[in-house]
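Heads up: the structure comes next, in structure tokens.
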Amino acid sequence: MDLNIMHTMLQLDRQSLCHRQQIVSCAASALMLFNPVEKIGWSRCAYQNGDAADITVKDAIRFLVKPRGSGNVFQDDTQLLIDTAY
């Protein structure tokens with residue numbers, strides 16, 4: 001999954017890297033190939049009693065974006081990515 005997203009992101013030109021929505025759309029096109037509810041891991045932190053909980057693709061993704069250019073700041077665009085992809 002990581003390599004697919006990286007490969008897709010490398011296709012963006014410099015101008016596209018200045019626009020948050022274009023960055024998110026590009027990553028979403030790579031993420032669409034994966035089932036959002038497919039279980040890809042587990043976590044013992046999910047429950048206070050120490051029981052393990054399955055982690056799905058959509059819950060495992062974190063997508064932080066900082067478009068090129070001055071004045072642009074890092075922003076957690078995870079929900080926008082999930083909404084755009086699925």
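In the structure tokens, chains take letters A, B, ... by order of appearance, with residues numbered from 1 within each chain and ligands from 1 in the order shown.
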Quiz item: Skipping near chain neighbours, those fewer than 3 positions away, what residues fall within 7 Å of range 53-65 of chain A using only C-alpha atoms, listed as a PyMOL selection string?
Solution: chain A and resi 20+36-44+46+74-78+82
Exercise. Excluding His7 in chain A and residues on its chain fewer than 6 positions from it, collect all residues at most 12 Å away from it, counting only C-alpha atoms, and give them as number ranges by chain.
Key: A: 1, 26-27, 29-31
Residue selection dump (C-alpha atoms) as a compact mmCIF listing (two decimals), in the first residue's frame:
```txt
# COMPACT_ATOMS: atom_id res chain seq x y z
CA MET A 1 0.00 0.00 0.00
CA CYS A 26 -3.75 11.85 -6.07
CA ALA A 27 -3.25 9.84 -2.89
CA SER A 29 -6.67 7.44 -6.35
CA ALA A 30 -3.94 5.11 -5.07
CA LEU A 31 -5.86 4.23 -1.91
```
Report as a PDB file with C-alpha atoms, in the first residue's frame: the residues of chain A with a DSSP assignment of strand (DSSP E or B), based on the backbone of this structure.
```pdb
ATOM      1  CA  LYS A  39      -8.064  -5.897   8.542  1.00  0.00           C
ATOM      2  CA  ILE A  40      -4.335  -5.213   8.323  1.00  0.00           C
ATOM      3  CA  GLY A  41      -3.273  -5.358  11.944  1.00  0.00           C
ATOM      4  CA  TRP A  42      -4.317  -5.297  15.552  1.00  0.00           C
ATOM      5  CA  SER A  43      -3.787  -3.162  18.607  1.00  0.00           C
ATOM      6  CA  ALA A  53      -8.722  -5.101  18.456  1.00  0.00           C
ATOM      7  CA  ASP A  54      -8.459  -5.425  14.694  1.00  0.00           C
ATOM      8  CA  ILE A  55      -7.238  -2.392  12.761  1.00  0.00           C
ATOM      9  CA  THR A  56      -8.707  -1.710   9.326  1.00  0.00           C
ATOM     10  CA  LEU A  64      -0.401  14.754   6.793  1.00  0.00           C
ATOM     11  CA  VAL A  65      -0.047  17.289   3.995  1.00  0.00           C
ATOM     12  CA  GLN A  75      -2.494  19.664   8.248  1.00  0.00           C
ATOM     13  CA  ASP A  76      -3.958  16.272   9.064  1.00  0.00           C
TER      14      ASP A  76
END
```
Quiz prompt | Long-range neighbours of Ser25 in chain A as JSON, numbers by chain, 8 Å cut-off, only C-alpha atoms, 2 positions minimum in chain | solution = {"A": [21, 22, 23, 27, 28, 29, 81, 84, 85]}
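Rounded to one decimal, CA of Lys66 in chain A and CA of Ser16 in chain A lie 12.1 Å from each other.
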Quiz prompt | Between CA of Phe34 in chain A and CA of Thr8 in chain A, distance in Å (one decimal) | solution =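 Distance between the two atoms: 14.0 Å.
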Practice problem: For CA of Arg14 in chain A and CA of Gln79 in chain A, determine how far apart the two atoms are, in Å to one decimal place. | Solution: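 CA of Gln79 in chain A lies at a distance of 24.2 Å from CA of Arg14 in chain A.
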Quiz prompt | Shortest interatomic distance to Val24 in chain A - which of A:Leu12, A:Leu3, A:Cys45, A:Ala52, counting only C-alpha atoms | solution = A:Leu12
Please provide as a PDB file with C-alpha atoms, in the first residue's frame all residues within 6 Å of Cys18 in chain A, with the sequence filter that same-chain residues fewer than 3 positions apart are discarded (counting only C-alpha atoms).
```
ATOM      1  CA  GLN A  15       2.612  22.905  -9.578  1.00  0.00           C
ATOM      2  CA  PRO A  67       1.727  21.849   0.122  1.00  0.00           C
ATOM      3  CA  ARG A  68       4.769  23.555  -1.391  1.00  0.00           C
TER       4      ARG A  68
END
```
Practice problem: Name the residues of chain A that fall into helix (DSSP H, G or I) according to DSSP on the backbone, using the chain letters and numbers of this document, as a ChimeraX atom specification. | Solution: /A:2-9,16-18,20-31,57-60,78-85
For the selection you just gave me, I'd like the residues written to a file as an mmCIF file, in the first residue's frame, keeping C-alpha atoms.
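Output contents, as saved in out_11.cif:
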```
data_model
loop_
_atom_site.group_PDB
_atom_site.id
_atom_site.type_symbol
_atom_site.label_atom_id
_atom_site.label_comp_id
_atom_site.auth_asym_id
_atom_site.auth_seq_id
_atom_site.Cartn_x
_atom_site.Cartn_y
_atom_site.Cartn_z
ATOM 1 C CA ASP A 2 2.776 2.432 0.937
ATOM 2 C CA LEU A 3 4.602 1.833 -2.333
ATOM 3 C CA ASN A 4 1.445 2.294 -4.371
ATOM 4 C CA ILE A 5 0.755 5.646 -2.726
ATOM 5 C CA MET A 6 4.390 6.735 -3.115
ATOM 6 C CA HIS A 7 4.439 5.694 -6.786
ATOM 7 C CA THR A 8 1.244 7.635 -7.468
ATOM 8 C CA MET A 9 2.452 10.713 -5.592
ATOM 9 C CA SER A 16 0.257 20.191 -8.300
ATOM 10 C CA LEU A 17 2.345 19.899 -5.130
ATOM 11 C CA CYS A 18 1.267 23.445 -4.274
ATOM 12 C CA ARG A 20 -3.679 20.465 -1.002
ATOM 13 C CA GLN A 21 -6.741 19.135 -2.856
ATOM 14 C CA GLN A 22 -4.630 17.858 -5.780
ATOM 15 C CA ILE A 23 -2.278 16.086 -3.371
ATOM 16 C CA VAL A 24 -5.198 14.471 -1.535
ATOM 17 C CA SER A 25 -6.920 13.474 -4.798
ATOM 18 C CA CYS A 26 -3.753 11.851 -6.072
ATOM 19 C CA ALA A 27 -3.252 9.839 -2.891
ATOM 20 C CA ALA A 28 -6.940 8.895 -2.853
ATOM 21 C CA SER A 29 -6.668 7.441 -6.348
ATOM 22 C CA ALA A 30 -3.936 5.106 -5.069
ATOM 23 C CA LEU A 31 -5.863 4.228 -1.912
ATOM 24 C CA VAL A 57 -7.055 0.053 6.399
ATOM 25 C CA LYS A 58 -9.066 3.234 6.930
ATOM 26 C CA ASP A 59 -8.194 3.288 10.636
ATOM 27 C CA ALA A 60 -4.484 2.652 10.048
ATOM 28 C CA THR A 78 -6.707 11.897 6.854
ATOM 29 C CA GLN A 79 -10.481 12.265 6.902
ATOM 30 C CA LEU A 80 -10.460 14.178 3.611
ATOM 31 C CA LEU A 81 -8.346 11.399 2.079
ATOM 32 C CA ILE A 82 -10.720 8.665 3.324
ATOM 33 C CA ASP A 83 -13.790 10.600 2.165
ATOM 34 C CA THR A 84 -12.247 11.222 -1.261
ATOM 35 C CA ALA A 85 -11.064 7.635 -1.754
#
```
